[in-house]
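**Student:** Below is the structure I would like to discuss, written out as structure tokens.
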Amino acid sequence: MDYGLIGKIEKAKRYAEERERIQFQKFEVTFEGENNDHTVTYDKGEWHCNCDFFQTRGRCSHTMALETILEDMVDIARVG
Ligand SMILES: [Zn+2]
């Protein structure tokens, strides 16, 4: 029995429910849209998506879906 590891597993379970402890700094995802795949990036609060809608609005269904999934762990896109 590795009691040290057991303690870490318990701590990990607790941490996993405290999402606000985690702040994403940057990431890139491939988002499978209904028609095309899109690339969404996030870098220190700046969102970007290569779909047409994002280019004019600064926000789109892809970034908004990720904001919901990653709630508390990312900044919400600022609409310009
Ligand atoms: Zn998009």
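We name chains A, B, ... following the order of the structure tokens; residues begin at 1 in each chain, and ligands are numbered from 1 as shown.
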Which polymer residues have any atom within 9 Å of an atom of range 32-38 of chain A, counting only C-alpha atoms, with same-chain residues fewer than 6 positions away left out, as a PDB file with C-alpha atoms, in the first residue's frame?

**Tutor:**
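Result went into selection.pdb, see below:
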```pdb
ATOM      1  CA  CYS A  49     -11.386  31.258 -33.652  1.00  0.00           C
ATOM      2  CA  ASN A  50     -10.861  30.928 -37.382  1.00  0.00           C
ATOM      3  CA  CYS A  51     -14.587  30.789 -38.230  1.00  0.00           C
ATOM      4  CA  HIS A  62     -17.187  27.681 -30.537  1.00  0.00           C
TER       5      HIS A  62
END
```

**Student:** Which parts of chain A does DSSP call alpha helix (DSSP H) when run on the backbone here, written out as a list in words?

**Tutor:**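 DSSP on the backbone gives alpha helix (DSSP H) at Tyr3, Gly4, Leu5, Ile6, Gly7, Lys8, Ile9, Glu10, Lys11, Ala12, Lys13, Arg14, Tyr15, Ala16, Asp52, Phe53, Phe54, Gln55, Thr56, Arg57, Ser61, His62, Thr63, Met64, Ala65, Leu66, Glu67, Thr68 and Ile69 of chain A.
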
**Student:** Separation of CA of Cys60 in chain A and CA of Thr30 in chain A, in Å?

**Tutor:**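 The value is 14.3 Å.
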
**Student:** Considering only C-alpha atoms and all ligand atoms, can you say which of A:Ile76, A:Asp2, A:Phe31, A:Glu46 comes closest to ligand 1?

**Tutor:**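 Smallest distance to ligand 1 is found for A:Phe31.
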
**Student:** Take CA of Glu67 in chain A and CA of Gln25 in chain A and report the distance between them in Å, one decimal.

**Tutor:**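 Separation between CA of Glu67 in chain A and CA of Gln25 in chain A: 13.5 Å.
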
**Student:** So, with only C-alpha atoms and all ligand atoms as the atoms that count, which of A:Val74, A:Val40, A:Ile6, A:Ile69 lies closest to ligand 1?

**Tutor:**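 Distance minimum relative to ligand 1 lands on A:Val40.
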